[in-house]
file my_file39.tsv (TSV, C-alpha atoms)
chain	number	residue	atom	x	y	z
A	1342	MET	CA	-24.99	-5.20	33.42
A	1343	THR	CA	-26.96	-5.43	30.19
A	1344	MET	CA	-27.93	-9.04	29.56
A	1345	PRO	CA	-27.27	-10.53	26.13
A	1346	ALA	CA	-30.30	-11.37	23.99
A	1347	LEU	CA	-30.21	-14.74	22.26
A	1348	PHE	CA	-31.76	-16.73	19.46
A	1349	ILE	CA	-31.25	-20.48	19.91
A	1350	ALA	CA	-31.77	-23.03	17.14
A	1351	HIS	CA	-33.36	-25.74	19.22
A	1352	GLY	CA	-34.33	-28.55	16.85
A	1353	SER	CA	-36.59	-31.36	17.99
A	1354	PRO	CA	-36.52	-32.87	21.50
A	1355	MET	CA	-33.99	-35.35	20.08
A	1356	LEU	CA	-31.46	-32.55	20.42
A	1357	LEU	CA	-31.08	-33.84	23.98
A	1358	ALA	CA	-29.67	-37.11	22.61
A	1359	ASP	CA	-27.02	-35.29	20.55
A	1360	GLU	CA	-24.12	-35.05	22.99
A	1361	ALA	CA	-22.13	-32.67	20.81
A	1362	ARG	CA	-24.99	-30.21	20.44
A	1363	VAL	CA	-25.87	-30.34	24.13
A	1364	ALA	CA	-22.22	-29.72	24.99
A	1365	GLY	CA	-22.06	-26.83	22.53
A	1366	LEU	CA	-25.08	-25.12	24.05
A	1367	ALA	CA	-23.80	-25.74	27.58
A	1368	ALA	CA	-20.41	-24.25	26.70
A	1369	TRP	CA	-22.08	-21.20	25.16
A	1370	ALA	CA	-24.18	-20.67	28.28
A	1371	LYS	CA	-21.06	-20.75	30.45
A	1372	THR	CA	-19.69	-17.72	28.58
A	1373	LEU	CA	-22.78	-15.65	29.41
A	1374	PRO	CA	-23.52	-13.59	32.53
A	1375	ARG	CA	-26.00	-15.24	34.83
A	1376	PRO	CA	-29.47	-13.69	34.40
A	1377	LYS	CA	-31.88	-12.90	37.21
A	1378	ALA	CA	-34.68	-14.27	35.01
A	1379	ILE	CA	-35.26	-15.53	31.48
A	1380	LEU	CA	-37.99	-14.44	29.08
A	1381	MET	CA	-38.58	-17.22	26.52
A	1382	ILE	CA	-40.22	-16.77	23.13
A	1383	SER	CA	-40.78	-20.21	21.61
A	1384	ALA	CA	-41.73	-21.09	18.06
A	1385	HIS	CA	-44.24	-23.53	19.50
A	1386	TRP	CA	-46.68	-21.04	21.00
A	1387	GLU	CA	-48.62	-18.74	18.69
A	1388	GLU	CA	-51.74	-16.83	19.65
A	1389	ARG	CA	-53.89	-14.07	18.19
A	1390	GLU	CA	-52.49	-11.65	20.77
A	1391	LEU	CA	-49.40	-11.79	22.96
A	1392	VAL	CA	-50.21	-14.16	25.81
A	1393	ILE	CA	-48.20	-14.25	29.03
A	1394	GLY	CA	-47.77	-17.78	30.33
A	1395	ALA	CA	-47.98	-19.31	33.77
A	1396	THR	CA	-46.51	-17.60	36.81
A	1397	SER	CA	-46.97	-20.63	39.05
A	1398	PRO	CA	-45.60	-24.16	38.53
A	1399	GLN	CA	-47.45	-26.04	35.77
A	1400	PRO	CA	-46.86	-29.38	34.04
A	1401	LEU	CA	-44.62	-29.30	31.00
A	1402	ILE	CA	-46.30	-29.58	27.60
A	1403	TYR	CA	-45.03	-32.59	25.64
A	1404	ASP	CA	-45.98	-31.11	22.29
A	1405	PHE	CA	-44.39	-33.81	20.11
A	1406	TYR	CA	-45.38	-37.25	18.94
A	1407	GLY	CA	-43.69	-40.57	18.28
A	1408	PHE	CA	-40.50	-39.88	20.21
A	1409	PRO	CA	-38.73	-42.15	22.73
A	1410	GLU	CA	-40.61	-42.56	25.98
A	1411	PRO	CA	-37.94	-40.90	28.21
A	1412	LEU	CA	-38.62	-37.59	26.48
A	1413	TYR	CA	-42.14	-37.65	27.92
A	1414	GLN	CA	-40.67	-37.89	31.42
A	1415	LEU	CA	-38.57	-34.72	31.17
A	1416	LYS	CA	-38.88	-32.19	33.97
A	1417	TYR	CA	-37.76	-28.58	34.24
A	1418	PRO	CA	-38.79	-27.38	37.72
A	1419	CYS	CA	-37.47	-23.83	37.47
A	1420	PRO	CA	-38.92	-21.06	39.62
A	1421	PRO	CA	-41.77	-19.07	38.05
A	1422	ALA	CA	-41.36	-15.36	37.34
A	1423	PRO	CA	-44.50	-13.44	38.41
A	1424	GLU	CA	-42.69	-10.11	38.76
A	1425	LEU	CA	-41.34	-10.47	35.24
A	1426	ALA	CA	-44.88	-11.13	33.96
A	1427	ASP	CA	-46.03	-7.87	35.55
A	1428	ARG	CA	-43.12	-6.01	33.98
A	1429	VAL	CA	-43.77	-7.46	30.52
A	1430	GLU	CA	-47.42	-6.46	30.78
A	1431	ALA	CA	-46.43	-2.91	31.76
A	1432	LEU	CA	-43.85	-2.52	28.99
A	1433	LEU	CA	-46.30	-3.69	26.33
A	1434	ALA	CA	-49.21	-1.50	27.44
A	1435	GLY	CA	-50.09	0.62	24.43
A	1436	VAL	CA	-47.78	-1.40	22.18
A	1437	THR	CA	-49.75	-4.59	21.65
A	1438	LYS	CA	-52.71	-6.33	23.21
A	1439	THR	CA	-51.82	-8.83	25.93
A	1440	ARG	CA	-53.62	-11.33	28.10
A	1441	ARG	CA	-52.62	-13.99	30.59
A	1442	ASP	CA	-52.97	-17.75	30.59
A	1443	PRO	CA	-52.15	-18.89	34.13
A	1444	ALA	CA	-52.41	-22.59	33.22
A	1445	ARG	CA	-50.07	-22.54	30.21
A	1446	GLY	CA	-46.86	-24.41	31.01
A	1447	TYR	CA	-43.60	-24.50	29.07
A	1448	ASP	CA	-43.49	-26.21	25.68
A	1449	HIS	CA	-40.43	-28.02	24.31
A	1450	GLY	CA	-39.20	-24.90	22.56
A	1451	THR	CA	-38.55	-23.55	26.05
A	1452	TYR	CA	-37.44	-26.49	28.16
A	1453	VAL	CA	-35.32	-28.36	25.59
A	1454	PRO	CA	-32.81	-25.51	25.06
A	1455	LEU	CA	-32.92	-24.59	28.74
A	1456	LEU	CA	-32.11	-28.17	29.75
A	1457	CYS	CA	-28.97	-27.79	27.64
A	1458	CYS	CA	-28.01	-24.29	28.76
A	1459	TYR	CA	-29.22	-24.19	32.37
A	1460	PRO	CA	-29.84	-27.80	33.44
A	1461	GLU	CA	-29.92	-26.84	37.14
A	1462	ALA	CA	-33.34	-25.19	36.49
A	1463	ASP	CA	-32.61	-22.57	39.14
A	1464	ILE	CA	-33.34	-19.39	37.15
A	1465	PRO	CA	-36.92	-18.01	37.03
A	1466	VAL	CA	-38.48	-18.41	33.57
A	1467	LEU	CA	-41.45	-16.78	31.88
A	1468	GLN	CA	-42.73	-17.84	28.45
A	1469	ILE	CA	-44.73	-15.57	26.17
A	1470	ALA	CA	-46.58	-16.37	22.95
A	1471	ILE	CA	-45.83	-15.06	19.49
A	1472	PRO	CA	-48.77	-12.84	18.53
A	1473	LYS	CA	-50.32	-12.99	15.06
A	1474	VAL	CA	-49.09	-9.61	13.88
A	1475	PRO	CA	-46.95	-8.53	10.90
A	1476	PRO	CA	-43.19	-9.14	11.15
A	1477	ALA	CA	-42.44	-5.44	11.54
A	1478	ASP	CA	-44.75	-5.32	14.55
A	1479	LEU	CA	-42.89	-8.23	16.15
A	1480	ILE	CA	-39.70	-6.20	15.88
A	1481	ARG	CA	-41.44	-3.28	17.61
A	1482	ILE	CA	-42.67	-5.57	20.39
A	1483	GLY	CA	-39.12	-6.76	20.93
A	1484	GLU	CA	-37.97	-3.16	21.03
A	1485	ALA	CA	-40.53	-2.41	23.75
A	1486	LEU	CA	-39.20	-5.35	25.79
A	1487	ALA	CA	-35.57	-4.21	25.51
A	1488	PRO	CA	-35.44	-2.44	28.93
A	1489	LEU	CA	-35.66	-5.89	30.53
A	1490	ARG	CA	-32.07	-6.49	29.42
A	1491	ASP	CA	-30.90	-3.71	31.74
A	1492	GLU	CA	-32.88	-5.26	34.58
A	1493	GLY	CA	-31.06	-8.58	34.57
A	1494	VAL	CA	-33.43	-10.42	32.23
A	1495	MET	CA	-32.13	-12.51	29.36
A	1496	ILE	CA	-34.49	-12.51	26.37
A	1497	ILE	CA	-34.26	-15.77	24.40
A	1498	GLY	CA	-35.98	-16.63	21.15
A	1499	SER	CA	-36.14	-20.32	20.29
A	1500	GLY	CA	-36.77	-21.71	16.82
A	1501	TYR	CA	-34.99	-22.22	13.49
A	1502	ILE	CA	-33.97	-19.71	10.83
A	1503	THR	CA	-34.92	-22.29	8.19
A	1504	HIS	CA	-37.62	-24.89	8.81
A	1505	ASN	CA	-39.02	-26.94	5.96
A	1506	MET	CA	-40.27	-30.33	7.11
A	1507	ARG	CA	-41.70	-30.99	3.65
A	1508	ALA	CA	-38.28	-30.98	1.97
A	1509	GLY	CA	-37.29	-34.22	3.69
A	1510	PHE	CA	-34.04	-35.07	5.43
A	1511	HIS	CA	-30.63	-35.91	4.02
A	1512	GLN	CA	-27.02	-35.82	5.15
A	1513	GLY	CA	-25.56	-33.95	2.21
A	1514	PRO	CA	-24.67	-30.28	1.87
A	1515	PRO	CA	-27.43	-27.75	2.53
A	1516	ARG	CA	-29.92	-27.09	-0.21
A	1517	ALA	CA	-29.12	-23.92	-2.14
A	1518	TRP	CA	-32.30	-22.12	-1.10
A	1519	ALA	CA	-31.63	-22.79	2.59
A	1520	ALA	CA	-28.02	-21.64	2.39
A	1521	GLU	CA	-29.01	-18.46	0.53
A	1522	PHE	CA	-31.76	-17.59	2.97
A	1523	ASP	CA	-29.57	-18.28	6.00
A	1524	ALA	CA	-26.75	-16.10	4.64
A	1525	TRP	CA	-29.16	-13.28	3.77
A	1526	ILE	CA	-30.66	-13.34	7.26
A	1527	ALA	CA	-27.21	-13.42	8.89
A	1528	ASP	CA	-26.22	-10.32	6.91
A	1529	ALA	CA	-29.46	-8.47	7.69
A	1530	VAL	CA	-29.17	-9.35	11.39
A	1531	THR	CA	-25.54	-8.19	11.51
A	1532	ARG	CA	-26.59	-4.85	10.04
A	1533	LYS	CA	-29.76	-4.74	12.15
A	1534	ASP	CA	-31.61	-3.96	8.94
A	1535	VAL	CA	-35.14	-3.86	10.32
A	1536	GLN	CA	-36.62	-2.83	6.96
A	1537	ALA	CA	-35.24	-5.93	5.30
A	1538	LEU	CA	-36.06	-8.25	8.18
A	1539	GLY	CA	-39.59	-6.90	8.45
A	1540	ASN	CA	-40.08	-7.74	4.77
A	1541	PHE	CA	-38.13	-10.99	4.67
A	1542	GLU	CA	-40.98	-12.84	2.97
A	1543	SER	CA	-40.68	-10.73	-0.17
A	1544	GLN	CA	-37.02	-9.72	-0.07
A	1545	ALA	CA	-35.02	-12.71	1.12
A	1546	PRO	CA	-33.90	-15.32	-1.43
A	1547	GLY	CA	-35.28	-18.75	-0.71
A	1548	ALA	CA	-37.81	-17.46	1.82
A	1549	LYS	CA	-40.73	-19.50	0.48
A	1550	GLU	CA	-38.76	-22.74	0.43
A	1551	SER	CA	-36.97	-22.10	3.73
A	1552	LEU	CA	-40.13	-21.20	5.63
A	1553	PRO	CA	-43.34	-22.76	4.29
A	1554	THR	CA	-44.62	-21.61	7.68
A	1555	ASP	CA	-42.81	-18.89	9.57
A	1556	GLU	CA	-43.34	-19.64	13.28
A	1557	HIS	CA	-39.81	-20.98	13.80
A	1558	PHE	CA	-38.27	-17.80	12.40
A	1559	LEU	CA	-40.45	-15.19	14.11
A	1560	PRO	CA	-38.84	-15.35	17.58
A	1561	LEU	CA	-35.65	-14.03	15.96
A	1562	LEU	CA	-37.47	-10.84	14.91
A	1563	MET	CA	-38.53	-10.14	18.49
A	1564	VAL	CA	-34.96	-10.66	19.70
A	1565	VAL	CA	-33.65	-8.35	16.97
A	1566	GLY	CA	-36.09	-5.71	18.20
A	1567	ALA	CA	-34.70	-6.10	21.71
A	1568	SER	CA	-31.22	-5.32	20.34
A	1569	LEU	CA	-31.95	-2.09	18.47
A	1570	ALA	CA	-31.26	0.31	21.33
A	1571	TYR	CA	-27.77	-1.07	21.89
A	1572	ASP	CA	-24.45	-0.60	20.13
A	1573	GLU	CA	-23.20	-4.11	20.74
A	1574	ALA	CA	-21.34	-6.98	19.19
A	1575	ILE	CA	-23.33	-9.63	17.33
A	1576	HIS	CA	-22.05	-13.20	17.37
A	1577	PHE	CA	-23.09	-16.45	15.72
A	1578	PRO	CA	-21.75	-18.92	18.31
A	1579	ILE	CA	-23.31	-21.89	16.48
A	1580	ASP	CA	-23.91	-22.24	12.75
A	1581	GLY	CA	-24.04	-24.84	10.01
A	1582	PHE	CA	-26.87	-27.10	8.87
A	1583	GLU	CA	-28.43	-30.43	9.68
A	1584	TYR	CA	-30.54	-32.73	7.51
A	1585	GLY	CA	-29.80	-30.64	4.43
A	1586	SER	CA	-32.01	-27.64	5.10
A	1587	PHE	CA	-32.24	-26.86	8.83
A	1588	SER	CA	-29.98	-23.99	9.86
A	1589	ARG	CA	-28.32	-24.37	13.24
A	1590	ARG	CA	-27.43	-20.67	13.27
A	1591	SER	CA	-27.85	-19.19	16.71
A	1592	VAL	CA	-27.38	-15.51	17.50
A	1593	GLN	CA	-26.03	-13.56	20.45
A	1594	PHE	CA	-26.60	-9.82	20.78
A	1595	GLY	CA	-24.22	-8.31	23.31
call {"tool": "encode", "arguments": {"input": "my_file39.tsv", "output": "structure tokens"}}
result
Amino acid sequence: MTMPALFIAHGSPMLLADEARVAGLAAWAKTLPRPKAILMISAHWEERELVIGATSPQPLIYDFYGFPEPLYQLKYPCPPAPELADRVEALLAGVTKTRRDPARGYDHGTYVPLLCCYPEADIPVLQIAIPKVPPADLIRIGEALAPLRDEGVMIIGSGYITHNMRAGFHQGPPRAWAAEFDAWIADAVTRKDVQALGNFESQAPGAKESLPTDEHFLPLLMVVGASLAYDEAIHFPIDGFEYGSFSRRSVQFG
């Protein structure tokens, strides 16, 4: 069975206090086939090259500040995935430079959504970094990783389609630039328009305002790449906005 590939809008660690959002992610996960392993691409790990994270148990990284103390006690003791790390390294040979960081544990972009989707922590997980390469190259890296989907691996990108902390927070309707960018991305993703997505910075309306920095968006490009070889349905199981400019749109390929 070909595993779906996902992009999950994960928000801050406070997502775990939002019962409705946790329930929504849990319900989504229950509709999916159970993977043999999960490859996570989190917005919160960028490196010059693609780095493959720990393949032995490591402490979680509490990469957030000023949150309630219980969030710093979270655990996610899932099995490591050393065989998956070897396979990722082999698939990316000749595609992009890779290296390993055996001490790099999971950041909150990995364990927060997984606590919602797979709270039993019984599926092996490997996290990889987003390399500092052009967007089109990220799509190609995702394309190189696509065979994992036919090997029982679920590829998950974790971030936000829009992410502007500078715009402030409000409870009203989404700002026009965020809504326009989100809709443009949804259309380009539905069409798997890699030319448009690879040039989102110059082509998408509201790109500058929606993404003053792009790290939360880039995992989506890698997941899109992992979908290109398949003729499959594309779903948006979660959408809408929070705080006026943060898109909750999540994507399921397959």
call {"tool": "atom_distance", "arguments": {"input": "my_file39.tsv", "atom1": "CA of Tyr1447 in chain A", "atom2": "CA of Phe1577 in chain A"}}
result
25.8 Å
call {"tool": "atom_distance", "arguments": {"input": "my_file39.tsv", "atom1": "CA of Ala1350 in chain A", "atom2": "CA of Ser1588 in chain A"}}
result
7.6 Å
call {"tool": "residues_around", "arguments": {"input": "my_file39.tsv", "residues": "Leu1456 in chain A", "least_positions_apart": "6", "cutoff": "9 Å", "atoms": "all atoms listed in the file", "output": "ChimeraX atom specification"}}
result
/A:1357,1363,1367,1416-1417,1462
call {"tool": "atom_distance", "arguments": {"input": "my_file39.tsv", "atom1": "CA of Asp1523 in chain A", "atom2": "CA of Met1495 in chain A"}}
result
24.2 Å
call {"tool": "residues_around", "arguments": {"input": "my_file39.tsv", "residues": "Lys1438 in chain A", "least_positions_apart": "3", "cutoff": "10 Å", "atoms": "only C-alpha atoms", "output": "PyMOL selection string"}}
result
chain A and resi 1389-1392+1430+1433-1435+1472
call {"tool": "closest_residue", "arguments": {"input": "my_file39.tsv", "among": "A:Leu1415, A:Ile1469, A:Ile1502, A:Met1355", "to": "Pro1400 in chain A", "atoms": "all atoms listed in the file"}}
result
A:Leu1415
call {"tool": "residues_around", "arguments": {"input": "my_file39.tsv", "residues": "Leu1552 in chain A", "least_positions_apart": "4", "cutoff": "7 Å", "atoms": "only C-alpha atoms", "output": "number ranges by chain"}}
result
A: 1503-1505, 1548
call {"tool": "residues_around", "arguments": {"input": "my_file39.tsv", "residues": "Ser1591 in chain A", "least_positions_apart": "4", "cutoff": "8 Å", "atoms": "all atoms listed in the file", "output": "mmCIF file with C-alpha atoms, in the frame of the given file"}}
result
data_model
loop_
_atom_site.group_PDB
_atom_site.id
_atom_site.type_symbol
_atom_site.label_atom_id
_atom_site.label_comp_id
_atom_site.auth_asym_id
_atom_site.auth_seq_id
_atom_site.Cartn_x
_atom_site.Cartn_y
_atom_site.Cartn_z
ATOM 1 C CA LEU A 1347 -30.210 -14.740 22.260
ATOM 2 C CA PHE A 1348 -31.760 -16.730 19.460
ATOM 3 C CA ILE A 1349 -31.250 -20.480 19.910
ATOM 4 C CA ALA A 1350 -31.770 -23.030 17.140
ATOM 5 C CA PHE A 1577 -23.090 -16.450 15.720
ATOM 6 C CA PRO A 1578 -21.750 -18.920 18.310
ATOM 7 C CA ILE A 1579 -23.310 -21.890 16.480
ATOM 8 C CA ASP A 1580 -23.910 -22.240 12.750
#
call {"tool": "closest_residue", "arguments": {"input": "my_file39.tsv", "among": "A:Leu1559, A:Ala1477, A:Val1466, A:Ile1471", "to": "Val1535 in chain A", "atoms": "all atoms listed in the file"}}
result
A:Ala1477
call {"tool": "closest_residue", "arguments": {"input": "my_file39.tsv", "among": "A:Gly1446, A:Pro1420, A:Pro1345, A:Pro1374", "to": "Ala1395 in chain A", "atoms": "only C-alpha atoms"}}
result
A:Gly1446
call {"tool": "build_atoms", "arguments": {"input": "my_file39.tsv", "residues": "range 1553-1579 of chain A", "atoms": "N, CA, C and O atoms", "output": "PDB file, keeping the file's coordinate frame"}}
result
ATOM      1  N   PRO A1553     -41.947 -22.577   4.717  1.00  0.00           N
ATOM      2  CA  PRO A1553     -43.340 -22.760   4.290  1.00  0.00           C
ATOM      3  C   PRO A1553     -44.310 -22.209   5.323  1.00  0.00           C
ATOM      4  O   PRO A1553     -45.384 -21.730   4.987  1.00  0.00           O
ATOM      5  N   THR A1554     -43.948 -22.319   6.595  1.00  0.00           N
ATOM      6  CA  THR A1554     -44.620 -21.610   7.680  1.00  0.00           C
ATOM      7  C   THR A1554     -43.524 -20.899   8.459  1.00  0.00           C
ATOM      8  O   THR A1554     -42.383 -21.354   8.513  1.00  0.00           O
ATOM      9  N   ASP A1555     -43.867 -19.764   9.072  1.00  0.00           N
ATOM     10  CA  ASP A1555     -42.810 -18.890   9.570  1.00  0.00           C
ATOM     11  C   ASP A1555     -42.618 -18.896  11.083  1.00  0.00           C
ATOM     12  O   ASP A1555     -41.795 -18.149  11.616  1.00  0.00           O
ATOM     13  N   GLU A1556     -43.354 -19.743  11.819  1.00  0.00           N
ATOM     14  CA  GLU A1556     -43.340 -19.640  13.280  1.00  0.00           C
ATOM     15  C   GLU A1556     -41.958 -19.890  13.881  1.00  0.00           C
ATOM     16  O   GLU A1556     -41.616 -19.315  14.922  1.00  0.00           O
ATOM     17  N   HIS A1557     -41.126 -20.712  13.230  1.00  0.00           N
ATOM     18  CA  HIS A1557     -39.810 -20.980  13.800  1.00  0.00           C
ATOM     19  C   HIS A1557     -38.863 -19.791  13.634  1.00  0.00           C
ATOM     20  O   HIS A1557     -37.904 -19.650  14.412  1.00  0.00           O
ATOM     21  N   PHE A1558     -39.126 -18.955  12.668  1.00  0.00           N
ATOM     22  CA  PHE A1558     -38.270 -17.800  12.400  1.00  0.00           C
ATOM     23  C   PHE A1558     -38.667 -16.573  13.229  1.00  0.00           C
ATOM     24  O   PHE A1558     -37.818 -15.760  13.600  1.00  0.00           O
ATOM     25  N   LEU A1559     -39.945 -16.433  13.531  1.00  0.00           N
ATOM     26  CA  LEU A1559     -40.450 -15.190  14.110  1.00  0.00           C
ATOM     27  C   LEU A1559     -39.841 -14.816  15.457  1.00  0.00           C
ATOM     28  O   LEU A1559     -39.671 -13.610  15.732  1.00  0.00           O
ATOM     29  N   PRO A1560     -39.485 -15.775  16.338  1.00  0.00           N
ATOM     30  CA  PRO A1560     -38.840 -15.350  17.580  1.00  0.00           C
ATOM     31  C   PRO A1560     -37.571 -14.525  17.351  1.00  0.00           C
ATOM     32  O   PRO A1560     -37.245 -13.637  18.147  1.00  0.00           O
ATOM     33  N   LEU A1561     -36.860 -14.808  16.260  1.00  0.00           N
ATOM     34  CA  LEU A1561     -35.650 -14.030  15.960  1.00  0.00           C
ATOM     35  C   LEU A1561     -35.979 -12.552  15.783  1.00  0.00           C
ATOM     36  O   LEU A1561     -35.219 -11.686  16.220  1.00  0.00           O
ATOM     37  N   LEU A1562     -37.111 -12.247  15.144  1.00  0.00           N
ATOM     38  CA  LEU A1562     -37.470 -10.840  14.910  1.00  0.00           C
ATOM     39  C   LEU A1562     -37.688 -10.106  16.230  1.00  0.00           C
ATOM     40  O   LEU A1562     -37.303  -8.943  16.376  1.00  0.00           O
ATOM     41  N   MET A1563     -38.294 -10.772  17.197  1.00  0.00           N
ATOM     42  CA  MET A1563     -38.530 -10.140  18.490  1.00  0.00           C
ATOM     43  C   MET A1563     -37.204  -9.902  19.212  1.00  0.00           C
ATOM     44  O   MET A1563     -36.998  -8.870  19.865  1.00  0.00           O
ATOM     45  N   VAL A1564     -36.272 -10.836  19.076  1.00  0.00           N
ATOM     46  CA  VAL A1564     -34.960 -10.660  19.700  1.00  0.00           C
ATOM     47  C   VAL A1564     -34.189  -9.538  19.000  1.00  0.00           C
ATOM     48  O   VAL A1564     -33.511  -8.741  19.659  1.00  0.00           O
ATOM     49  N   VAL A1565     -34.275  -9.470  17.683  1.00  0.00           N
ATOM     50  CA  VAL A1565     -33.650  -8.350  16.970  1.00  0.00           C
ATOM     51  C   VAL A1565     -34.185  -7.023  17.496  1.00  0.00           C
ATOM     52  O   VAL A1565     -33.426  -6.076  17.752  1.00  0.00           O
ATOM     53  N   GLY A1566     -35.504  -6.932  17.665  1.00  0.00           N
ATOM     54  CA  GLY A1566     -36.090  -5.710  18.200  1.00  0.00           C
ATOM     55  C   GLY A1566     -35.502  -5.347  19.554  1.00  0.00           C
ATOM     56  O   GLY A1566     -35.242  -4.165  19.837  1.00  0.00           O
ATOM     57  N   ALA A1567     -35.252  -6.345  20.379  1.00  0.00           N
ATOM     58  CA  ALA A1567     -34.700  -6.100  21.710  1.00  0.00           C
ATOM     59  C   ALA A1567     -33.239  -5.683  21.670  1.00  0.00           C
ATOM     60  O   ALA A1567     -32.667  -5.334  22.707  1.00  0.00           O
ATOM     61  N   SER A1568     -32.629  -5.711  20.475  1.00  0.00           N
ATOM     62  CA  SER A1568     -31.220  -5.320  20.340  1.00  0.00           C
ATOM     63  C   SER A1568     -31.045  -3.916  19.774  1.00  0.00           C
ATOM     64  O   SER A1568     -29.926  -3.380  19.797  1.00  0.00           O
ATOM     65  N   LEU A1569     -32.104  -3.307  19.280  1.00  0.00           N
ATOM     66  CA  LEU A1569     -31.950  -2.090  18.470  1.00  0.00           C
ATOM     67  C   LEU A1569     -31.426  -0.901  19.258  1.00  0.00           C
ATOM     68  O   LEU A1569     -30.762  -0.026  18.687  1.00  0.00           O
ATOM     69  N   ALA A1570     -31.690  -0.843  20.533  1.00  0.00           N
ATOM     70  CA  ALA A1570     -31.260   0.310  21.330  1.00  0.00           C
ATOM     71  C   ALA A1570     -29.800   0.228  21.738  1.00  0.00           C
ATOM     72  O   ALA A1570     -29.285   1.171  22.364  1.00  0.00           O
ATOM     73  N   TYR A1571     -29.117  -0.841  21.380  1.00  0.00           N
ATOM     74  CA  TYR A1571     -27.770  -1.070  21.890  1.00  0.00           C
ATOM     75  C   TYR A1571     -26.749  -1.094  20.749  1.00  0.00           C
ATOM     76  O   TYR A1571     -26.995  -1.672  19.688  1.00  0.00           O
ATOM     77  N   ASP A1572     -25.608  -0.485  21.011  1.00  0.00           N
ATOM     78  CA  ASP A1572     -24.450  -0.600  20.130  1.00  0.00           C
ATOM     79  C   ASP A1572     -23.613  -1.747  20.685  1.00  0.00           C
ATOM     80  O   ASP A1572     -22.861  -1.576  21.639  1.00  0.00           O
ATOM     81  N   GLU A1573     -23.781  -2.929  20.127  1.00  0.00           N
ATOM     82  CA  GLU A1573     -23.200  -4.110  20.740  1.00  0.00           C
ATOM     83  C   GLU A1573     -22.725  -5.088  19.678  1.00  0.00           C
ATOM     84  O   GLU A1573     -23.170  -5.044  18.528  1.00  0.00           O
ATOM     85  N   ALA A1574     -21.827  -5.949  20.091  1.00  0.00           N
ATOM     86  CA  ALA A1574     -21.340  -6.980  19.190  1.00  0.00           C
ATOM     87  C   ALA A1574     -22.440  -8.000  18.916  1.00  0.00           C
ATOM     88  O   ALA A1574     -23.300  -8.256  19.770  1.00  0.00           O
ATOM     89  N   ILE A1575     -22.401  -8.566  17.719  1.00  0.00           N
ATOM     90  CA  ILE A1575     -23.330  -9.630  17.330  1.00  0.00           C
ATOM     91  C   ILE A1575     -22.490 -10.848  16.970  1.00  0.00           C
ATOM     92  O   ILE A1575     -21.565 -10.763  16.157  1.00  0.00           O
ATOM     93  N   HIS A1576     -22.802 -11.968  17.588  1.00  0.00           N
ATOM     94  CA  HIS A1576     -22.050 -13.200  17.370  1.00  0.00           C
ATOM     95  C   HIS A1576     -22.977 -14.292  16.863  1.00  0.00           C
ATOM     96  O   HIS A1576     -24.174 -14.298  17.164  1.00  0.00           O
ATOM     97  N   PHE A1577     -22.399 -15.226  16.121  1.00  0.00           N
ATOM     98  CA  PHE A1577     -23.090 -16.450  15.720  1.00  0.00           C
ATOM     99  C   PHE A1577     -22.318 -17.612  16.341  1.00  0.00           C
ATOM    100  O   PHE A1577     -21.472 -18.228  15.689  1.00  0.00           O
ATOM    101  N   PRO A1578     -22.571 -17.923  17.612  1.00  0.00           N
ATOM    102  CA  PRO A1578     -21.750 -18.920  18.310  1.00  0.00           C
ATOM    103  C   PRO A1578     -21.932 -20.332  17.768  1.00  0.00           C
ATOM    104  O   PRO A1578     -21.073 -21.188  17.990  1.00  0.00           O
ATOM    105  N   ILE A1579     -23.044 -20.591  17.091  1.00  0.00           N
ATOM    106  CA  ILE A1579     -23.310 -21.890  16.480  1.00  0.00           C
ATOM    107  C   ILE A1579     -23.846 -21.632  15.086  1.00  0.00           C
ATOM    108  O   ILE A1579     -24.693 -20.747  14.895  1.00  0.00           O
TER     109      ILE A1579
END
